[in-house]
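**Q** Here it is, the structure in full.
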Amino acid sequence: MRTRSQEYAAKIFEQVKNVSEEERQKYGSLAHRLPVLVRTAGLAQALAFVEARGGAAGKKLLAHLAEVIREDELLRQSREAQLEEYMYLTRKVLTALTWYKRFAQSVLGVEATADKEVGE
């Protein structure tokens, strides 16, 4: 039996290694920045920001994230969830985002200094 983190890692690795060359930099930058956005602005606001300003790479990251944590309507869930569910959803997202950030570095070769490109 594998832990949730191990399951996330395996799925996320497959997703990240299949990100196109054109999207690697933006996707990786978002993967680095999104955990900080979730912690500072909250889950719903952070996801809305990525949806609005992340372009195609942002939409891909959100779709990947929703697939990994098994929430088909992640953005809607983040807006409509009651407090306990919202907190649980936030924990699941942050656990997954840890792996996106690690694989952005190791697989995509995107370092944290690329964060400034998000939203441009």
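Order determines the names: the first chain of the structure tokens is A, the second B, and so forth; residues in each chain are numbered 1 upward, and ligands are numbered 1 upward as they are shown.
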Within 12 Å of Phe49 (chain A), counting only C-alpha atoms, which residues qualify if same-chain residues fewer than 2 places away don't, as an NGL selection string?

**A** :A and (30 or 33-34 or 37-38 or 41-47 or 51-55 or 58-59 or 62 or 75 or 118-119)

**Q** Please identify which residues in region 13-102 of chain A DSSP calls helix (DSSP H, G or I) from the backbone, and express them as a ChimeraX atom specification.

**A** /A:13-17,24-41,43-53,55-69,74-80,83-102

**Q** In Å, rounded to a single decimal, give me how far CA of Ala9 (chain A) is from CA of Ala96 (chain A).

**A**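 Distance reported for this atom pair: 7.6 Å.
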
**Q** Determine the nearest neighbour of Glu7 (chain A) from the options A:Arg76, A:Arg39, A:Lys60, A:Lys92, counting only C-alpha atoms.

**A**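 Under the stated criterion, the closest residue is A:Lys92.
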
**Q** Give me the residues near Ala63 (chain A) as a list in words, where near means some atom within 12 Å (using only C-alpha atoms) and where sequence neighbours in that chain fewer than 4 positions away do not count.

**A**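 Listing them by chain and then by number gives Ile12, Gln15, Tyr27, Leu47, Val50, Glu51, Ala56, Ala57, Gly58, Lys59, Glu67, Val68, Ile69, Arg70, Glu71, Asp72, Glu73, Leu74 and Leu75 of chain A.
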
**Q** Have a look at A:Ala48, A:Ser78, A:Lys26, A:Val93 and name the one nearest to Arg4 (chain A); count only C-alpha atoms.

**A**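 Under the stated criterion, the closest residue is A:Val93.
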
**Q** Given only C-alpha atoms as the basis, pick out the residue of A:Met87, A:Leu61, A:Thr95, A:Pro35 nearest to Thr3 (chain A).

**A**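 Going through A:Met87, A:Leu61, A:Thr95, A:Pro35 one by one, the smallest distance to Thr3 (chain A) is for A:Thr95.
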
**Q** Check the smallest atom-to-atom distance from each of A:Ala81, A:Lys17, A:Val107, A:Lys101 to Ser29 (chain A) using only C-alpha atoms, then report the winner.

**A** A:Lys101

**Q** Expressed in Å to a single decimal, how great is the separation between CA of Phe103 (chain A) and CA of Thr40 (chain A)?

**A** 22.3 Å

**Q** Ranking A:Ala104, A:Ala66, A:Ala112, A:Arg91 by minimum distance to Arg24 (chain A) and counting only C-alpha atoms, which one comes first?

**A**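 For Arg24 (chain A), the nearest of the candidates is A:Ala104.
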
**Q** Select, from A:Ser20, A:Ser5, A:Gln77, A:Gln82, the residue with the minimum atom-to-atom distance to Tyr100 (chain A), counting only C-alpha atoms.

**A**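 Of A:Ser20, A:Ser5, A:Gln77, A:Gln82, the one nearest Tyr100 (chain A), counting only C-alpha atoms, is A:Ser5.
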